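Presented below is the structure to which this report refers.
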Amino acid sequence: MENISIEHFLIVSTLMLFTGIYGFLTRKNLITMLMSAELILNSVNINFVAVNKFLYPENLQGQFFAMFVIGIAAVEVAVAIAIIISLYRKVRMIDVEKVNEMKY
Amino acid sequence: MEGYTFTLLIPLILFATFLLIGLAGGKLKPIISGITGVVSLSVVSIISYITAYDYFFVNGKVDGVFGKIIVYDAEWLRFTDSLFIKMGILLDPISVMMLVVISTVSLMVHIYSLGYMHNEGGFSRYYSFLSLFTFAMMGLVISTNIFQTYIFWELVGVSSYLLIGFYYNRPSAVAAAKKAFIVTRFADLGFLIGILLLSSLTGTFDFVELTNVNGSAITAGSSVLFMGLSSMTWALILVFIGCAGKSAMFPLHIWLPDAMEGPTPVSALIHAATMVVAGVYLVARLFPLYALSAPVALEMIAYVGAFTSMFAAIIACTQTDIKRVLAFSTISQIGIMMVGLGVSGYAAETGLGFTASMFHLFTHAMFKALLFLGAGAVIHAVHTNEISGMGGLRKYLPVTHITFLVACLAISGIPPFSGFFSKDEILVAVKEKDSFLFYFESIVSGLSAFYMFRLYFGIFWNRNTTYEHTPHEAGMSMKIPLIILAILAAVTGFIPFSEFVTSDGIPFISHIHWDIAIPATIVGLIGITAAFIFYKKESDLSDKAAASLGGFYNTVHKKFYIDEIYIFVTKKIIFNMVSTPVAWFDRNVVDGTMNGIASVTNFVSEKIKRFQSGQLQQYAFVMVTGMIIIIALIFYFLKN
């Protein structure tokens with residue numbers, strides 16, 4: 001444990017964050033975009049827990065925040081999946097570039 | 001003061017009647033509305049008579065003076081500590097006299113209308129408006145302060161508008177109603193400014209304080225000069241402009257002849273006996289102010305009145321619509337009342353003009369209402385207003401004939417009819433002040449005898465017109481008011497008016513001045529004789545006379561082109577010179593600015609709407625880029 005410092009955690013979470021952003025901007029499939037969004041959220045979670053552990057070990061706020069984010073992420077997934085399913089029922093595809101009804 | 005509290009019932013009953021007939025009228029049988037109106041007016045008349053009896057005979061004079069009694073005065077609207085408006089009832093000789101005049105004439109008109117209007121639609125509407133008018137007029141005369149007067153003044157104007165436009169499906173009636181309303185409203189602007197100026201000078205609206213001879217109001221504003229006249233004089237002149245509008249003084253008289261488009265009983269009530277004398281009444285109400293602090297304004301009133309009386313009398317000689325003749329005669333008679341007020345001094349015998357003017361107001365209300373109701377009976381019988389369509393009616397309409405003759409004799413000033421006494425007093429008062437005006441007014445009274453008998457002979461003698469339907473006398477409901485008013489027109493002259501109504505409340509005894517009465521009567525007889533020669537028999541004398549006067553006759557017949565001048569001024573000058581540029585400015589500059597903003601917005605949004613592509617990832621990319629830029633900026637600036 002001694003060898004793993006806060007920098008390691010931050011590097012991992014930064015990688016996850018940019019992977020998530022990249023995926024969100026490039027993937028055409030709505031499901032993969034949703035997965036990318038989950039990656040972004042989880043990178044934040046790692047940050048919360050790591051900072052809590054290394055900088056303020058006597059407090060628990062960071063960990064609680066992580067719990068909240070996980071809870072909200074679950075809800076968000078439920079809503080997003082519902083939207084995707086009803087979209088699929090309507091237009092029979094989930095390609096985000098082709099679904100552009102909501103333009104000007 | 002105790003003992004007069006019942007006078008509160010006068011406005012309350014009338015207002016309740018208005019609401020009752022006005023709101024429930026559609027569901028009632030027409031005749032029920034009519035009867036309701038007549039009954040409530042009878043009650044109000046009885047209360048008015050009791051008030052007058054109590055005031056003049058039971059309570060009478062206190063220390064030899066008929067005082068002002070505030071029966072009731074409640075705060076109605078408070079703006080600040082010093083600015084508030086009250087509503088109340090003020091009894092003094094002139095307001096009590098007006099109560100009697102209004103209730104009597106209004107009752108007669110209510111009864112008469114049962115017969116006159118029975119074939120017309122909108123019977124309930126008609127009666128509710130009549131009640132509204134009587135309510136407003138009563139409220140006007142019993143006002144305790146000038147603002148209350150103003151409020152009821154406008155209410156009277158509105159009810160007059162409604163009644164002139166009673167036949168609202170007739171374009172000429174609608175135009176006449178509009179004209180009456182706009183002209184009087186225009187004059188009321190002067191009245192309002194006058195009120196504001198007056199109250200800012202004296203610090204009060206209250207009549208008792210304003211007209212208290214020993215009070216501060218009389219001297220207020222006399223030291224501040226504007227264009228050579230004191231500010232009090234200006235205030236009173238502005239108030240008089242309002243009076244001139246309501247009382248149809250030149251040059252604001254143009255609405256009154258057109259107002260004859262309304263039903264004839266309405267003309268009798270509003271445009272002959274009551275509303276049009278409101279201006280005279282208001283001048284009389286503020287008389288101590290006029291007489292003591294603004295003699296210039298009073299002199300102006302005398303000359304405006306004199307000019308109007310002559311002007312209208314001349315026009316009346318050439319009109320062929322019998323109601324219009326009567327309208328111009330009304331204008332002329334009100335002018336005479338104004339002259340009476342204008343030449344009067346304040347206090348005791350020098351205030352004879354005031355007494356005479358009020359006396360003439362009283363007698364004029366009776367005989368002019370009678371003339372209008374008589375004209376209504378004639379119109380009812382022959383279905384035309386034009387004098388050329390009448391003639392020889394004395395055989396068909398005996399009652400109307402006799403009562404009309406009484407009224408004509410009264411207005412011509414033939415003794416012993418009422419007009420003789422009041423006109424005599426006015427002429428005496430005028431003679432004392434200004435002999436030029438005296439001769440002027442004598443000519444006017446000769447002219448009035450001439451045009452009234454021109455009407456009389458034209459309707460009842462002259463040619464024997466053959467009528468499609470044989471004209472017949474109207475029913476009892478129309479005959480009775482005619483007879484009652486004829487009796488009043490004949491005998492009211494014997495009331496010793498100067499013992500009741502005087503400028504300062506102190507009665508005095510006036511005598512008939514035979515040195516003036518006899519020449520005046522002779523002038524009247526000359527007028528009648530002239531009318532007899534021209535119009536008794538069918539002849540072409542009058543046409544020849546008209547032809548010999550040529551252009552002058554035409555000018556008079558067209559009422560001196562005053563209406564045309566008004567139209568020229570409004571259309572050519574106001575509309576073209578002022579309204580058109582203003583309209584151009586509004587359309588091009590004001591609207592243009594707004595339209596410009598809208599079209600620029602439209603143009604820009606047309607250009608940038610492509611940003612809204614519908615590509616979700618494009619949005620996300622822009623958002624992320626933006627976030628990165630913002631974070632970079634924050635770091636950059638925080639570091640410095």
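The way I read the labels, and the way they are meant: chains A, B, ... in the order of the structure tokens, residue 1 as the first residue of every chain, and ligand 1 as the first ligand shown, with later ones counted on from there.
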
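Look at Gln612 of chain B: the protein and nucleic acid residues within 12 Å of it, using only C-alpha atoms and passing over chain neighbours fewer than 6 places away, are Asn100, Glu101, Met102, Lys103 and Tyr104 of chain A; Ser605, Glu606, Gln618, Tyr619 and Val622 of chain B.
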
So that I have them on file, write out the residues from the current selection with C-alpha atoms, as a PDB file, in the first residue's frame.
```pdb
ATOM      1  CA  ASN A 100     -31.371  14.428 -35.504  1.00  0.00           C
ATOM      2  CA  GLU A 101     -35.067  15.209 -35.426  1.00  0.00           C
ATOM      3  CA  MET A 102     -34.575  17.913 -32.780  1.00  0.00           C
ATOM      4  CA  LYS A 103     -32.727  20.386 -34.966  1.00  0.00           C
ATOM      5  CA  TYR A 104     -33.814  23.910 -35.876  1.00  0.00           C
TER       6      TYR A 104
ATOM      7  CA  SER B 605     -31.325  34.254 -36.254  1.00  0.00           C
ATOM      8  CA  GLU B 606     -31.832  33.076 -39.814  1.00  0.00           C
ATOM      9  CA  GLN B 618     -21.407  18.242 -31.804  1.00  0.00           C
ATOM     10  CA  TYR B 619     -23.137  19.898 -28.851  1.00  0.00           C
ATOM     11  CA  VAL B 622     -18.726  22.470 -28.093  1.00  0.00           C
TER      12      VAL B 622
END
```

Residues of chain B no more than 12 Å from chain A, counting only C-alpha atoms: send them over as a list in words.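 Matching residues, ligands excluded from the count: Ser605, Glu606, Lys607, Ile608, Lys609, Arg610, Phe611, Gln612, Ser613, Gly614, Gln615, Leu616, Gln617, Gln618, Tyr619, Ala620, Phe621, Val622, Met623, Val624 and Thr625 of chain B.
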
Skip Leu10 of chain A itself and residues of its chain fewer than 4 positions away, then list as a tab-separated table (two decimals) with N, CA and C atoms, in the first residue's frame all residues within 8 Å of it, counting only C-alpha atoms.
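And here's result.tsv as it stands now:
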```tsv
chain	number	residue	atom	x	y	z
A	6	ILE	N	-1.07	9.11	-4.01
A	6	ILE	CA	-2.25	9.79	-4.58
A	6	ILE	C	-2.09	10.06	-6.06
A	14	THR	N	-7.65	10.44	-14.35
A	14	THR	CA	-7.55	11.34	-15.51
A	14	THR	C	-7.66	10.55	-16.80
A	46	ILE	N	-13.38	8.00	-8.24
A	46	ILE	CA	-12.03	7.64	-7.79
A	46	ILE	C	-11.35	8.84	-7.18
A	47	ASN	N	-11.50	9.99	-7.84
A	47	ASN	CA	-10.92	11.22	-7.31
A	47	ASN	C	-11.42	11.51	-5.91
A	50	ALA	N	-10.00	8.96	-3.37
A	50	ALA	CA	-8.55	9.08	-3.19
A	50	ALA	C	-8.21	10.32	-2.40
```

Could you find all residues in segment 24-185 of chain B that DSSP calls strand (DSSP E or B) from the backbone, and write them as an NGL selection string? :B and (62 or 65 or 69-78 or 84-91 or 145)

Output C-alpha atoms for every residue in the selection just made, as a short mmCIF file (atom, residue, chain, number, x, y, z; two decimals), in the first residue's frame.
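Writing the result to out26.cif gives the following:
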```
data_model
loop_
_atom_site.label_atom_id
_atom_site.label_comp_id
_atom_site.auth_asym_id
_atom_site.auth_seq_id
_atom_site.Cartn_x
_atom_site.Cartn_y
_atom_site.Cartn_z
CA VAL B 62 -82.49 83.45 10.47
CA VAL B 65 -81.21 85.97 5.95
CA ILE B 69 -77.68 74.81 5.43
CA ILE B 70 -75.37 71.83 5.19
CA VAL B 71 -77.67 68.89 5.71
CA TYR B 72 -75.13 66.21 5.27
CA ASP B 73 -71.48 66.18 4.34
CA ALA B 74 -69.49 62.97 4.32
CA GLU B 75 -65.93 62.42 3.30
CA TRP B 76 -65.94 60.50 0.07
CA LEU B 77 -62.33 60.31 -1.03
CA ARG B 78 -59.22 61.34 0.90
CA PHE B 84 -60.05 65.37 0.18
CA ILE B 85 -63.40 65.33 -1.55
CA LYS B 86 -66.70 65.35 0.22
CA MET B 87 -70.21 64.50 -0.84
CA GLY B 88 -73.15 66.17 0.75
CA ILE B 89 -76.30 68.17 0.54
CA LEU B 90 -76.34 71.95 0.67
CA LEU B 91 -79.61 73.79 0.93
CA ASN B 145 -68.39 71.51 -2.97
#
```

Go through segment 313-384 of chain B and collect every residue that DSSP, computed from the backbone, puts in alpha helix (DSSP H); the answer should be as a PyMOL selection string. chain B and resi 313-316+322-343+352-382

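If only C-alpha atoms are the atoms counted, then among A:Leu17, A:Ile84, A:Val77, A:Ile72 the closest residue to Ser43 of chain A is A:Leu17.
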
For segment 404-413 of chain B, list every protein, DNA or RNA residue within 10 Å, evaluated using only C-alpha atoms, and leave out those in the same chain fewer than 3 positions away; present the list as a VMD selection string. chain B and resid 329 333 360 363 to 364 366 to 375 398 to 401 416 to 424 445 to 453 455 to 457 460 482 to 483 485 to 491 493 517 520 to 525 527 to 528

Skip Ala177 of chain B itself and residues of its chain fewer than 2 positions away, then list as a list in words all residues within 7 Å of it, counting only C-alpha atoms.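 Final neighbour list, sorted by chain and number: Tyr161, Ile164, Gly165, Ala173, Val174, Ala175, Lys179, Ala180, Phe181 and Ala259 of chain B.
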
Output of the above residues as a short mmCIF file (atom, residue, chain, number, x, y, z; two decimals), in the first residue's frame, restricted to C-alpha atoms:
```
data_model
loop_
_atom_site.label_atom_id
_atom_site.label_comp_id
_atom_site.auth_asym_id
_atom_site.auth_seq_id
_atom_site.Cartn_x
_atom_site.Cartn_y
_atom_site.Cartn_z
CA TYR B 161 -75.30 61.74 -24.39
CA ILE B 164 -79.63 62.18 -27.40
CA GLY B 165 -78.39 58.94 -28.89
CA ALA B 173 -78.71 60.83 -33.68
CA VAL B 174 -75.43 59.06 -33.06
CA ALA B 175 -73.50 61.94 -34.63
CA LYS B 179 -71.02 66.09 -30.98
CA ALA B 180 -72.79 67.07 -27.76
CA PHE B 181 -70.47 64.94 -25.69
CA ALA B 259 -79.18 67.51 -29.69
#
```

Could you give me, as an MDAnalysis selection string, the residues within 7 Å of segment 223-238 of chain B, counting only C-alpha atoms and dropping anything in the same chain fewer than 5 positions from it? chainID B and resid 190:191 193:194 197:198 294 297

Residues at most 9 Å from Tyr281 of chain B, counting only C-alpha atoms, excluding those fewer than 5 positions away in the same chain, as a PyMOL selection string? chain B and resi 94-95+98+141+243+286+358+361

Length of the atom CA of Tyr303 of chain B to atom CA of Val339 of chain B vector [Å]: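 That distance, rounded to one decimal, is 7.0 Å.
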
Measuring atom to atom with only C-alpha atoms, identify which of A:Glu76, A:Ala66, A:Ser36, A:Lys90 is nearest to Val51 of chain A. A:Ala66
